[in-house]
>>> print(open('work_12.cif').read())   # mmCIF, C-alpha atoms, pLDDT in the B column; chains and numbers go by the auth columns
data_coords
loop_
_atom_site.group_PDB
_atom_site.id
_atom_site.type_symbol
_atom_site.label_atom_id
_atom_site.label_comp_id
_atom_site.label_asym_id
_atom_site.label_seq_id
_atom_site.Cartn_x
_atom_site.Cartn_y
_atom_site.Cartn_z
_atom_site.B_iso_or_equiv
_atom_site.auth_seq_id
_atom_site.auth_asym_id
ATOM 1 C CA MET A 1 119.839 110.374 36.361 52.00 1 A
ATOM 2 C CA VAL A 2 117.754 107.380 37.382 50.00 2 A
ATOM 3 C CA TRP A 3 119.362 107.399 40.802 47.00 3 A
ATOM 4 C CA THR A 4 118.628 111.100 41.178 53.00 4 A
ATOM 5 C CA LEU A 5 114.974 110.666 40.246 46.00 5 A
ATOM 6 C CA GLY A 6 114.694 107.744 42.646 47.00 6 A
ATOM 7 C CA LEU A 7 116.201 109.777 45.480 43.00 7 A
ATOM 8 C CA ILE A 8 113.828 112.664 44.789 48.00 8 A
ATOM 9 C CA ALA A 9 110.861 110.267 44.804 48.00 9 A
ATOM 10 C CA LEU A 10 112.041 108.748 48.083 42.00 10 A
ATOM 11 C CA LEU A 11 112.455 112.155 49.716 43.00 11 A
ATOM 12 C CA SER A 12 109.023 113.235 48.450 42.00 12 A
ATOM 13 C CA ALA A 13 107.429 110.125 49.939 41.00 13 A
ATOM 14 C CA ALA A 14 109.182 110.752 53.267 40.00 14 A
ATOM 15 C CA VAL A 15 107.929 114.332 53.347 41.00 15 A
ATOM 16 C CA LEU A 16 104.349 113.214 52.638 40.00 16 A
ATOM 17 C CA VAL A 17 104.478 110.518 55.304 40.00 17 A
ATOM 18 C CA GLY A 18 105.931 113.003 57.796 42.00 18 A
ATOM 19 C CA ALA A 19 103.222 115.541 57.009 41.00 19 A
ATOM 20 C CA ARG A 20 100.497 112.952 57.492 43.00 20 A
ATOM 21 C CA TYR A 21 102.051 111.823 60.766 40.00 21 A
ATOM 22 C CA ARG A 22 102.255 115.403 62.047 45.00 22 A
ATOM 23 C CA SER A 23 98.659 115.988 61.025 47.00 23 A
ATOM 24 C CA ARG A 24 97.507 112.894 62.890 51.00 24 A
ATOM 25 C CA SER A 25 99.630 113.775 65.909 54.00 25 A
ATOM 26 C CA GLU A 26 98.203 117.294 66.011 61.00 26 A
ATOM 27 C CA ALA A 27 94.662 115.928 65.690 64.00 27 A
ATOM 28 C CA SER A 28 95.324 113.426 68.494 75.00 28 A
ATOM 29 C CA PHE A 29 96.793 116.163 70.708 78.00 29 A
ATOM 30 C CA ALA A 30 93.790 118.416 70.037 87.00 30 A
ATOM 31 C CA ALA A 31 91.396 115.580 70.921 86.00 31 A
ATOM 32 C CA SER A 32 93.308 114.911 74.146 88.00 32 A
ATOM 33 C CA GLU A 33 93.164 118.587 75.086 92.00 33 A
ATOM 34 C CA ARG A 34 89.422 118.663 74.400 93.00 34 A
ATOM 35 C CA ALA A 35 88.905 115.555 76.525 91.00 35 A
ATOM 36 C CA ALA A 36 90.911 117.063 79.405 93.00 36 A
ATOM 37 C CA ALA A 37 88.995 120.345 79.314 94.00 37 A
ATOM 38 C CA ALA A 38 85.647 118.539 79.072 93.00 38 A
ATOM 39 C CA ALA A 39 86.545 116.280 82.027 94.00 39 A
ATOM 40 C CA GLU A 40 87.308 119.275 84.230 94.00 40 A
ATOM 41 C CA SER A 41 84.082 120.976 83.138 94.00 41 A
ATOM 42 C CA ALA A 42 82.170 117.783 83.938 94.00 42 A
ATOM 43 C CA VAL A 43 83.645 117.738 87.446 95.00 43 A
ATOM 44 C CA ASN A 44 82.552 121.349 87.977 94.00 44 A
ATOM 45 C CA LEU A 45 79.071 120.486 86.717 93.00 45 A
ATOM 46 C CA ALA A 46 78.916 117.577 89.153 93.00 46 A
ATOM 47 C CA ILE A 47 79.865 119.923 91.996 92.00 47 A
ATOM 48 C CA LEU A 48 76.926 122.174 91.105 90.00 48 A
ATOM 49 C CA ILE A 49 74.609 119.171 90.948 88.00 49 A
ATOM 50 C CA THR A 50 75.883 117.966 94.326 86.00 50 A
ATOM 51 C CA LEU A 51 75.260 121.361 95.937 85.00 51 A
ATOM 52 C CA THR A 52 71.686 121.427 94.577 83.00 52 A
ATOM 53 C CA PRO A 53 69.239 119.545 96.855 69.00 53 A
ATOM 54 C CA PRO A 54 68.065 116.410 95.006 65.00 54 A
ATOM 55 C CA PRO A 55 64.348 115.954 94.344 63.00 55 A
ATOM 56 C CA ALA A 56 62.995 113.246 96.638 58.00 56 A
ATOM 57 C CA GLY A 57 66.488 112.074 97.546 59.00 57 A
ATOM 58 C CA THR A 58 67.287 110.811 94.051 70.00 58 A
ATOM 59 C CA SER A 59 70.817 110.644 92.656 78.00 59 A
ATOM 60 C CA PRO A 60 71.703 111.132 88.973 85.00 60 A
ATOM 61 C CA TYR A 61 74.883 109.051 89.249 89.00 61 A
ATOM 62 C CA PRO A 62 76.356 107.313 87.440 90.00 62 A
ATOM 63 C CA LEU A 63 75.580 109.942 84.823 91.00 63 A
ATOM 64 C CA GLN A 64 76.349 109.276 81.165 92.00 64 A
ATOM 65 C CA CYS A 65 75.819 112.380 79.075 92.00 65 A
ATOM 66 C CA ARG A 66 77.071 114.638 76.288 91.00 66 A
ATOM 67 C CA MET A 67 78.971 117.853 76.949 91.00 67 A
ATOM 68 C CA PRO A 68 78.186 120.977 74.865 90.00 68 A
ATOM 69 C CA GLY A 69 81.127 120.275 72.518 89.00 69 A
ATOM 70 C CA GLY A 70 79.911 116.734 71.846 89.00 70 A
ATOM 71 C CA GLU A 71 82.368 115.088 74.263 91.00 71 A
ATOM 72 C CA GLN A 72 80.989 111.918 75.838 93.00 72 A
ATOM 73 C CA VAL A 73 81.379 111.639 79.592 94.00 73 A
ATOM 74 C CA GLU A 74 80.514 109.327 82.461 94.00 74 A
ATOM 75 C CA ILE A 75 80.380 111.000 85.876 95.00 75 A
ATOM 76 C CA THR A 76 80.448 108.949 89.070 94.00 76 A
ATOM 77 C CA VAL A 77 80.514 110.031 92.709 95.00 77 A
ATOM 78 C CA SER A 78 81.855 107.971 95.615 95.00 78 A
ATOM 79 C CA GLN A 79 81.573 108.678 99.332 95.00 79 A
ATOM 80 C CA GLU A 80 84.841 108.874 101.263 97.00 80 A
ATOM 81 C CA ASN A 81 83.049 107.505 104.360 96.00 81 A
ATOM 82 C CA GLY A 82 82.534 104.259 102.473 96.00 82 A
ATOM 83 C CA LYS A 83 86.243 103.636 101.865 97.00 83 A
ATOM 84 C CA VAL A 84 89.176 102.176 103.794 98.00 84 A
ATOM 85 C CA ASP A 85 90.943 105.023 105.591 97.00 85 A
ATOM 86 C CA LEU A 86 94.716 104.602 105.314 97.00 86 A
ATOM 87 C CA ASN A 87 95.215 106.718 108.455 96.00 87 A
ATOM 88 C CA ALA A 88 92.416 105.434 110.688 96.00 88 A
ATOM 89 C CA SER A 89 91.797 101.772 109.792 96.00 89 A
ATOM 90 C CA SER A 90 93.049 99.049 112.116 95.00 90 A
ATOM 91 C CA ALA A 91 95.861 96.744 111.073 96.00 91 A
ATOM 92 C CA GLN A 92 93.310 93.948 110.780 97.00 92 A
ATOM 93 C CA MET A 93 91.083 95.942 108.446 97.00 93 A
ATOM 94 C CA LEU A 94 94.060 96.925 106.276 98.00 94 A
ATOM 95 C CA ALA A 95 95.300 93.325 106.165 98.00 95 A
ATOM 96 C CA ASN A 96 91.854 92.052 105.145 97.00 96 A
ATOM 97 C CA PHE A 97 91.567 94.681 102.423 98.00 97 A
ATOM 98 C CA PHE A 98 94.985 94.192 100.846 98.00 98 A
ATOM 99 C CA ALA A 99 94.777 90.408 101.200 97.00 99 A
ATOM 100 C CA ALA A 100 91.530 90.512 99.212 97.00 100 A
ATOM 101 C CA LEU A 101 93.137 92.713 96.542 96.00 101 A
ATOM 102 C CA ALA A 102 96.413 90.787 96.326 95.00 102 A
ATOM 103 C CA GLY A 103 94.808 87.357 96.652 95.00 103 A
ATOM 104 C CA GLU A 104 97.318 86.424 99.355 96.00 104 A
ATOM 105 C CA ARG A 105 96.900 86.719 103.113 97.00 105 A
ATOM 106 C CA ALA A 106 100.618 87.045 103.847 97.00 106 A
ATOM 107 C CA ALA A 107 100.963 89.912 101.350 97.00 107 A
ATOM 108 C CA GLY A 108 98.021 91.723 102.939 97.00 108 A
ATOM 109 C CA GLU A 109 99.548 91.434 106.395 97.00 109 A
ATOM 110 C CA ARG A 110 102.945 92.685 105.191 97.00 110 A
ATOM 111 C CA ILE A 111 101.394 95.713 103.507 98.00 111 A
ATOM 112 C CA ALA A 112 99.227 96.450 106.566 97.00 112 A
ATOM 113 C CA ALA A 113 102.309 96.368 108.803 97.00 113 A
ATOM 114 C CA SER A 114 104.151 98.753 106.448 97.00 114 A
ATOM 115 C CA ILE A 115 101.189 101.152 106.451 97.00 115 A
ATOM 116 C CA MET A 116 101.035 101.130 110.254 96.00 116 A
ATOM 117 C CA ALA A 117 104.767 101.910 110.346 94.00 117 A
ATOM 118 C CA PHE A 118 104.335 104.736 107.831 94.00 118 A
ATOM 119 C CA ARG A 119 101.574 106.244 109.971 92.00 119 A
ATOM 120 C CA GLY A 120 103.513 106.128 113.217 82.00 120 A
ATOM 121 C CA PRO A 121 106.587 107.947 114.478 69.00 121 A
ATOM 122 C CA LYS A 122 109.893 106.880 112.974 59.00 122 A
ATOM 123 C CA GLN A 123 113.061 106.274 114.958 57.00 123 A
ATOM 124 C CA GLY A 124 114.999 109.500 115.356 55.00 124 A
ATOM 125 C CA ASP A 125 112.045 111.736 114.480 54.00 125 A
ATOM 126 C CA SER A 126 111.456 114.827 116.571 51.00 126 A
ATOM 127 C CA PRO A 127 107.911 115.463 117.864 48.00 127 A
ATOM 128 C CA GLN A 128 107.658 118.317 115.346 46.00 128 A
ATOM 129 C CA ALA A 129 108.605 116.025 112.446 47.00 129 A
ATOM 130 C CA THR A 130 106.082 113.403 113.553 44.00 130 A
ATOM 131 C CA ALA A 131 103.307 115.982 113.813 44.00 131 A
ATOM 132 C CA ARG A 132 104.227 117.481 110.463 43.00 132 A
ATOM 133 C CA ARG A 133 104.106 114.113 108.680 55.00 133 A
ATOM 134 C CA GLY A 134 100.812 113.005 110.231 66.00 134 A
ATOM 135 C CA GLY A 135 100.512 109.806 108.206 91.00 135 A
ATOM 136 C CA PHE A 136 99.127 109.863 104.671 95.00 136 A
ATOM 137 C CA GLN A 137 98.300 113.267 103.227 94.00 137 A
ATOM 138 C CA SER A 138 96.975 111.791 99.968 96.00 138 A
ATOM 139 C CA ILE A 139 95.986 108.350 98.748 96.00 139 A
ATOM 140 C CA LEU A 140 98.650 108.777 96.047 95.00 140 A
ATOM 141 C CA GLU A 141 101.283 108.258 98.765 96.00 141 A
ATOM 142 C CA LEU A 142 100.227 104.607 98.899 97.00 142 A
ATOM 143 C CA ASP A 143 102.838 103.890 96.233 95.00 143 A
ATOM 144 C CA ARG A 144 105.529 104.538 98.868 95.00 144 A
ATOM 145 C CA ILE A 145 104.525 101.398 100.738 97.00 145 A
ATOM 146 C CA PRO A 146 106.710 98.305 100.139 96.00 146 A
ATOM 147 C CA GLY A 147 104.788 95.557 98.389 95.00 147 A
ATOM 148 C CA VAL A 148 102.331 97.918 96.686 97.00 148 A
ATOM 149 C CA GLY A 149 103.317 97.596 93.041 95.00 149 A
ATOM 150 C CA PRO A 150 101.747 99.550 90.150 94.00 150 A
ATOM 151 C CA GLU A 151 98.963 97.031 89.546 94.00 151 A
ATOM 152 C CA LEU A 152 97.957 96.757 93.202 96.00 152 A
ATOM 153 C CA PHE A 153 98.269 100.530 93.580 96.00 153 A
ATOM 154 C CA ARG A 154 95.781 101.163 90.755 94.00 154 A
ATOM 155 C CA ALA A 155 93.431 98.484 92.074 94.00 155 A
ATOM 156 C CA ALA A 156 93.416 99.989 95.586 97.00 156 A
ATOM 157 C CA LEU A 157 92.905 103.667 94.733 96.00 157 A
ATOM 158 C CA PRO A 158 89.104 103.571 94.186 95.00 158 A
ATOM 159 C CA PHE A 159 88.597 102.017 97.625 97.00 159 A
ATOM 160 C CA VAL A 160 90.908 104.020 99.908 98.00 160 A
ATOM 161 C CA THR A 161 90.744 107.458 101.500 97.00 161 A
ATOM 162 C CA VAL A 162 92.525 109.690 104.002 96.00 162 A
ATOM 163 C CA ARG A 163 89.441 111.747 104.809 94.00 163 A
ATOM 164 C CA SER A 164 86.861 109.598 106.615 94.00 164 A
ATOM 165 C CA ARG A 165 88.660 109.142 109.976 93.00 165 A
ATOM 166 C CA ARG A 166 86.686 105.913 110.369 94.00 166 A
ATOM 167 C CA SER A 167 88.165 102.657 111.635 94.00 167 A
ATOM 168 C CA GLU A 168 86.097 100.796 109.051 94.00 168 A
ATOM 169 C CA PRO A 169 84.046 101.823 106.000 95.00 169 A
ATOM 170 C CA ASP A 170 80.447 102.914 106.418 94.00 170 A
ATOM 171 C CA ALA A 171 78.584 99.999 104.824 93.00 171 A
ATOM 172 C CA GLY A 172 75.803 102.353 103.786 91.00 172 A
ATOM 173 C CA ALA A 173 78.247 104.464 101.772 93.00 173 A
ATOM 174 C CA ALA A 174 80.554 101.696 100.534 95.00 174 A
ATOM 175 C CA SER A 175 80.439 100.335 97.006 94.00 175 A
ATOM 176 C CA LYS A 176 78.990 96.875 96.432 93.00 176 A
ATOM 177 C CA GLU A 177 82.442 95.652 95.393 95.00 177 A
ATOM 178 C CA LEU A 178 84.080 96.801 98.626 96.00 178 A
ATOM 179 C CA ARG A 179 81.256 95.342 100.745 95.00 179 A
ATOM 180 C CA GLU A 180 81.776 91.973 99.100 95.00 180 A
ATOM 181 C CA MET A 181 85.563 92.241 99.378 95.00 181 A
ATOM 182 C CA LEU A 182 85.447 92.920 103.139 96.00 182 A
ATOM 183 C CA GLN A 183 82.245 90.980 103.792 93.00 183 A
ATOM 184 C CA LEU A 184 80.596 94.039 105.260 91.00 184 A
ATOM 185 C CA GLU A 185 77.008 93.705 106.359 84.00 185 A
ATOM 186 C CA LYS A 186 74.656 94.765 103.601 74.00 186 A
ATOM 187 C CA PRO A 187 72.997 98.072 104.564 70.00 187 A
ATOM 188 C CA SER A 188 69.291 98.164 105.148 61.00 188 A
ATOM 189 C CA ALA A 189 67.027 100.452 103.144 55.00 189 A
ATOM 190 C CA ALA A 190 66.740 102.694 106.197 52.00 190 A
ATOM 191 C CA GLN A 191 70.509 103.103 106.509 52.00 191 A
ATOM 192 C CA SER A 192 71.556 106.534 105.282 51.00 192 A
ATOM 193 C CA ARG A 193 74.616 107.070 103.140 55.00 193 A
ATOM 194 C CA GLY A 194 77.531 109.118 104.423 53.00 194 A
ATOM 195 C CA ASP A 195 77.360 112.871 104.009 68.00 195 A
ATOM 196 C CA GLY A 196 81.076 113.671 104.247 89.00 196 A
ATOM 197 C CA ASP A 197 83.677 114.256 101.565 95.00 197 A
ATOM 198 C CA ILE A 198 83.191 112.811 98.101 96.00 198 A
ATOM 199 C CA THR A 199 85.292 111.989 95.054 97.00 199 A
ATOM 200 C CA ILE A 200 83.909 113.015 91.676 97.00 200 A
ATOM 201 C CA ARG A 201 85.250 111.102 88.660 96.00 201 A
ATOM 202 C CA ALA A 202 84.703 112.254 85.065 95.00 202 A
ATOM 203 C CA ASP A 203 85.669 109.726 82.368 95.00 203 A
ATOM 204 C CA THR A 204 85.647 111.625 79.069 93.00 204 A
ATOM 205 C CA VAL A 205 85.977 110.321 75.509 91.00 205 A
ATOM 206 C CA VAL A 206 86.610 112.419 72.384 89.00 206 A
ATOM 207 C CA GLY A 207 87.109 110.213 69.350 85.00 207 A
ATOM 208 C CA PRO A 208 90.177 108.083 70.096 85.00 208 A
ATOM 209 C CA ALA A 209 91.211 110.274 73.063 89.00 209 A
ATOM 210 C CA ARG A 210 90.301 109.568 76.676 91.00 210 A
ATOM 211 C CA PHE A 211 90.910 111.604 79.824 93.00 211 A
ATOM 212 C CA ILE A 212 89.864 110.828 83.405 94.00 212 A
ATOM 213 C CA ARG A 213 89.786 113.616 85.987 95.00 213 A
ATOM 214 C CA GLU A 214 89.055 113.124 89.693 96.00 214 A
ATOM 215 C CA ALA A 215 88.431 115.714 92.381 96.00 215 A
ATOM 216 C CA LEU A 216 88.206 115.223 96.146 96.00 216 A
ATOM 217 C CA ILE A 217 85.495 117.584 97.384 95.00 217 A
ATOM 218 C CA SER A 218 84.213 118.716 100.777 94.00 218 A
ATOM 219 C CA PRO A 219 80.647 119.732 99.858 89.00 219 A
ATOM 220 C CA ARG A 220 80.140 121.800 103.006 86.00 220 A
ATOM 221 C CA ALA A 221 80.548 125.501 103.650 83.00 221 A
ATOM 222 C CA GLU A 222 83.973 126.384 105.021 86.00 222 A
ATOM 223 C CA ASN A 223 85.602 129.778 105.556 86.00 223 A
ATOM 224 C CA GLY A 224 82.859 131.499 103.616 87.00 224 A
ATOM 225 C CA ARG A 225 83.075 129.098 100.666 89.00 225 A
ATOM 226 C CA PRO A 226 80.180 126.756 99.772 89.00 226 A
ATOM 227 C CA PHE A 227 82.572 123.856 99.108 91.00 227 A
ATOM 228 C CA VAL A 228 86.290 123.053 99.133 93.00 228 A
ATOM 229 C CA ILE A 229 88.297 121.179 96.514 93.00 229 A
ATOM 230 C CA ARG A 230 90.836 119.178 98.533 94.00 230 A
ATOM 231 C CA GLU A 231 92.687 117.532 95.681 95.00 231 A
ATOM 232 C CA TRP A 232 92.718 117.263 91.883 94.00 232 A
ATOM 233 C CA ARG A 233 93.914 113.995 90.385 93.00 233 A
ATOM 234 C CA ARG A 234 94.356 112.578 86.915 90.00 234 A
ATOM 235 C CA SER A 235 93.346 108.931 86.948 82.00 235 A
ATOM 236 C CA ASP A 236 94.790 106.208 84.760 74.00 236 A
ATOM 237 C CA ALA A 237 92.328 104.154 82.743 69.00 237 A
ATOM 238 C CA ASP A 238 91.866 100.847 84.573 64.00 238 A
ATOM 239 C CA SER A 239 89.306 99.474 82.132 66.00 239 A
ATOM 240 C CA PRO A 240 88.390 99.836 78.447 68.00 240 A
ATOM 241 C CA ALA A 241 86.853 103.147 77.448 68.00 241 A
ATOM 242 C CA PRO A 242 83.057 103.104 77.735 66.00 242 A
ATOM 243 C CA ILE A 243 81.252 102.801 74.419 68.00 243 A
ATOM 244 C CA TYR A 244 78.240 105.040 73.935 67.00 244 A
ATOM 245 C CA ASP A 245 75.656 105.521 71.262 68.00 245 A
ATOM 246 C CA PRO A 246 75.705 109.329 70.888 64.00 246 A
ATOM 247 C CA GLY A 247 72.018 109.260 70.064 69.00 247 A
ATOM 248 C CA ASP A 248 71.253 107.801 73.494 76.00 248 A
ATOM 249 C CA LEU A 249 73.162 110.450 75.440 87.00 249 A
ATOM 250 C CA ARG A 250 71.263 113.459 76.713 89.00 250 A
ATOM 251 C CA PRO A 251 73.038 116.789 77.239 91.00 251 A
ATOM 252 C CA CYS A 252 74.888 116.948 80.563 88.00 252 A
ATOM 253 C CA LEU A 253 73.321 120.341 81.299 86.00 253 A
ATOM 254 C CA ALA A 254 69.913 118.645 81.310 84.00 254 A
ATOM 255 C CA ALA A 255 70.924 116.892 84.539 73.00 255 A
ATOM 256 C CA MET A 256 71.440 120.290 86.176 70.00 256 A
ATOM 257 C CA GLU A 257 68.182 121.630 84.803 71.00 257 A
ATOM 258 C CA ALA A 258 66.361 118.609 86.233 68.00 258 A
ATOM 259 C CA ARG A 259 67.548 119.591 89.726 63.00 259 A
ATOM 260 C CA SER A 260 66.278 123.150 89.408 60.00 260 A
#
>>> encode(input="work_12.cif", output="structure tokens")
Amino acid sequence: MVWTLGLIALLSAAVLVGARYRSRSEASFAASERAAAAAESAVNLAILITLTPPPAGTSPYPLQCRMPGGEQVEITVSQENGKVDLNASSAQMLANFFAALAGERAAGERIAASIMAFRGPKQGDSPQATARRGGFQSILELDRIPGVGPELFRAALPFVTVRSRRSEPDAGAASKELREMLQLEKPSAAQSRGDGDITIRADTVVGPARFIREALISPRAENGRPFVIREWRRSDADSPAPIYDPGDLRPCLAAMEARS
């Protein structure tokens, strides 16, 4: 009898623990889904802001704000012209960039040589196959390059592009970090930033859940459309989640209203 009661108590405890676990898992899944939906909405909002002429040339980014459902988001925009083009950069530029990231000159040169080989025709390829490949189609293909491990891959992604067609980054559009990495000349106040393709990044937090969505955008009219989304990406978190005081965050829609 005692053993029976003990077994019943044990089973009851297991059921309660399982129910609590399922409840927490469902809550975590719901928070993740909310964060993903809010991140995509934030990207779409940023597209609208980008297409609206800024007052007096001002930029709202980085924008930290609160979505209508209470989700906290940080939106940043980077210019593709200010990045290292995997298809157009010289071997020297690629070697300098990856040497700076890897902290080793020899590693940078090996990776640069592999990238140049990936871009060019391969032995046995037909002209049609070479034309079809055309080098990198997406920055995500960088993980195919020997020597680019997961850590280096994640570190490189914010600074590379396949859209600028420039042999070196536009210093006026490059981030401060990339300028320092490549020792690019600091742009003067009169130097204008690039006006080509952009990457919009929405880092969204809902309770314990976090979701980062990126979109590569051509903010110019094309084929009757006011803009073109070239690529959607989900980004891995490469830093701790930003911590906000909800009371300090204004509604994200206020940023759009300020442009009207």
>>> resolve_selection(input="work_12.cif", expression="the PyMOL selection byres ((chain A and resi 69) around 12)", output="short mmCIF file (atom, residue, chain, number, x, y, z; two decimals) with C-alpha atoms, in the frame of the given file")
data_model
loop_
_atom_site.label_atom_id
_atom_site.label_comp_id
_atom_site.auth_asym_id
_atom_site.auth_seq_id
_atom_site.Cartn_x
_atom_site.Cartn_y
_atom_site.Cartn_z
CA ALA A 31 91.40 115.58 70.92
CA ARG A 34 89.42 118.66 74.40
CA ALA A 35 88.90 115.56 76.53
CA ALA A 37 89.00 120.34 79.31
CA ALA A 38 85.65 118.54 79.07
CA ALA A 39 86.54 116.28 82.03
CA SER A 41 84.08 120.98 83.14
CA ALA A 42 82.17 117.78 83.94
CA CYS A 65 75.82 112.38 79.08
CA ARG A 66 77.07 114.64 76.29
CA MET A 67 78.97 117.85 76.95
CA PRO A 68 78.19 120.98 74.86
CA GLY A 70 79.91 116.73 71.85
CA GLU A 71 82.37 115.09 74.26
CA GLN A 72 80.99 111.92 75.84
CA VAL A 73 81.38 111.64 79.59
CA THR A 204 85.65 111.62 79.07
CA VAL A 205 85.98 110.32 75.51
CA VAL A 206 86.61 112.42 72.38
CA PRO A 251 73.04 116.79 77.24
CA CYS A 252 74.89 116.95 80.56
CA LEU A 253 73.32 120.34 81.30
#
>>> atom_distance(input="work_12.cif", atom1="atom CA of A:Arg225", atom2="atom CA of A:Val77")
20.8 Å
>>> residues_around(input="work_12.cif", residues="A:Gln79", least_positions_apart="4", cutoff="7 Å", atoms="only C-alpha atoms", output="PyMOL selection string")
chain A and resi 173+194+197-199
>>> residues_near_point(input="work_12.cif", point="(92.2, 105.0, 104.3)", cutoff="6 Å", atoms="all atoms listed in the file", output="list in words")
Val84, Asp85, Leu86, Asn87, Val160, Thr161 and Val162 of chain A
>>> atom_distance(input="work_12.cif", atom1="atom CA of A:Pro208", atom2="atom CA of A:Arg233")
21.5 Å
>>> residues_near_point(input="work_12.cif", point="(79.1, 98.7, 100.0)", cutoff="9 Å", atoms="only C-alpha atoms", output="compact mmCIF listing (two decimals) with C-alpha atoms, in the frame of the given file")
# COMPACT_ATOMS: atom_id res chain seq x y z
CA GLY A 82 82.53 104.26 102.47
CA LYS A 83 86.24 103.64 101.86
CA PRO A 169 84.05 101.82 106.00
CA ASP A 170 80.45 102.91 106.42
CA ALA A 171 78.58 100.00 104.82
CA GLY A 172 75.80 102.35 103.79
CA ALA A 173 78.25 104.46 101.77
CA ALA A 174 80.55 101.70 100.53
CA SER A 175 80.44 100.34 97.01
CA LYS A 176 78.99 96.88 96.43
CA GLU A 177 82.44 95.65 95.39
CA LEU A 178 84.08 96.80 98.63
CA ARG A 179 81.26 95.34 100.74
CA GLU A 180 81.78 91.97 99.10
CA LEU A 184 80.60 94.04 105.26
CA GLU A 185 77.01 93.70 106.36
CA LYS A 186 74.66 94.76 103.60
CA PRO A 187 73.00 98.07 104.56
>>> resolve_selection(input="work_12.cif", expression="the PyMOL selection byres ((chain A and resi 46) around 9)", output="mmCIF file with C-alpha atoms, in the frame of the given file")
data_model
loop_
_atom_site.group_PDB
_atom_site.id
_atom_site.type_symbol
_atom_site.label_atom_id
_atom_site.label_comp_id
_atom_site.auth_asym_id
_atom_site.auth_seq_id
_atom_site.Cartn_x
_atom_site.Cartn_y
_atom_site.Cartn_z
ATOM 1 C CA SER A 41 84.082 120.976 83.138
ATOM 2 C CA ALA A 42 82.170 117.783 83.938
ATOM 3 C CA VAL A 43 83.645 117.738 87.446
ATOM 4 C CA ASN A 44 82.552 121.349 87.977
ATOM 5 C CA LEU A 45 79.071 120.486 86.717
ATOM 6 C CA ILE A 47 79.865 119.923 91.996
ATOM 7 C CA LEU A 48 76.926 122.174 91.105
ATOM 8 C CA ILE A 49 74.609 119.171 90.948
ATOM 9 C CA THR A 50 75.883 117.966 94.326
ATOM 10 C CA LEU A 51 75.260 121.361 95.937
ATOM 11 C CA ILE A 75 80.380 111.000 85.876
ATOM 12 C CA THR A 76 80.448 108.949 89.070
ATOM 13 C CA VAL A 77 80.514 110.031 92.709
ATOM 14 C CA ILE A 200 83.909 113.015 91.676
ATOM 15 C CA ALA A 202 84.703 112.254 85.065
ATOM 16 C CA MET A 256 71.440 120.290 86.176
#
>>> resolve_selection(input="work_12.cif", expression="the PyMOL selection byres ((chain A and resi 110) around 12)", output="ChimeraX atom specification")
/A:91-92,94-99,102,104-109,111-117,145-148
>>> write_last_selection(input="work_12.cif", atoms="C-alpha atoms", output="PDB file, keeping the file's coordinate frame")
ATOM      1  CA  ALA A  91      95.861  96.744 111.073  1.00 96.00           C
ATOM      2  CA  GLN A  92      93.310  93.948 110.780  1.00 97.00           C
ATOM      3  CA  LEU A  94      94.060  96.925 106.276  1.00 98.00           C
ATOM      4  CA  ALA A  95      95.300  93.325 106.165  1.00 98.00           C
ATOM      5  CA  ASN A  96      91.854  92.052 105.145  1.00 97.00           C
ATOM      6  CA  PHE A  97      91.567  94.681 102.423  1.00 98.00           C
ATOM      7  CA  PHE A  98      94.985  94.192 100.846  1.00 98.00           C
ATOM      8  CA  ALA A  99      94.777  90.408 101.200  1.00 97.00           C
ATOM      9  CA  ALA A 102      96.413  90.787  96.326  1.00 95.00           C
ATOM     10  CA  GLU A 104      97.318  86.424  99.355  1.00 96.00           C
ATOM     11  CA  ARG A 105      96.900  86.719 103.113  1.00 97.00           C
ATOM     12  CA  ALA A 106     100.618  87.045 103.847  1.00 97.00           C
ATOM     13  CA  ALA A 107     100.963  89.912 101.350  1.00 97.00           C
ATOM     14  CA  GLY A 108      98.021  91.723 102.939  1.00 97.00           C
ATOM     15  CA  GLU A 109      99.548  91.434 106.395  1.00 97.00           C
ATOM     16  CA  ILE A 111     101.394  95.713 103.507  1.00 98.00           C
ATOM     17  CA  ALA A 112      99.227  96.450 106.566  1.00 97.00           C
ATOM     18  CA  ALA A 113     102.309  96.368 108.803  1.00 97.00           C
ATOM     19  CA  SER A 114     104.151  98.753 106.448  1.00 97.00           C
ATOM     20  CA  ILE A 115     101.189 101.152 106.451  1.00 97.00           C
ATOM     21  CA  MET A 116     101.035 101.130 110.254  1.00 96.00           C
ATOM     22  CA  ALA A 117     104.767 101.910 110.346  1.00 94.00           C
ATOM     23  CA  ILE A 145     104.525 101.398 100.738  1.00 97.00           C
ATOM     24  CA  PRO A 146     106.710  98.305 100.139  1.00 96.00           C
ATOM     25  CA  GLY A 147     104.788  95.557  98.389  1.00 95.00           C
ATOM     26  CA  VAL A 148     102.331  97.918  96.686  1.00 97.00           C
TER      27      VAL A 148
END
>>> atom_distance(input="work_12.cif", atom1="atom CA of A:Glu257", atom2="atom CA of A:Leu63")
13.8 Å
>>> axis_aligned_box(input="work_12.cif", around="stretch 141-146 of chain A", padding_each_side="3 Å", output="JSON")
{"center_x": 103.5, "center_y": 103.3, "center_z": 98.5, "size_x": 12.5, "size_y": 16.0, "size_z": 10.5}
>>> closest_residue(input="work_12.cif", among="A:Ser32, A:Ser89, A:Asn223, A:Thr52", to="A:Arg163", atoms="only C-alpha atoms")
A:Ser89
>>> closest_residue(input="work_12.cif", among="A:Glu141, A:Glu168, A:Glu33, A:Glu151", to="A:Gln183", atoms="all atoms listed in the file")
A:Glu168
>>> closest_residue(input="work_12.cif", among="A:Trp232, A:Ser164, A:Arg201, A:Leu152", to="A:Tyr61", atoms="all atoms listed in the file")
A:Arg201
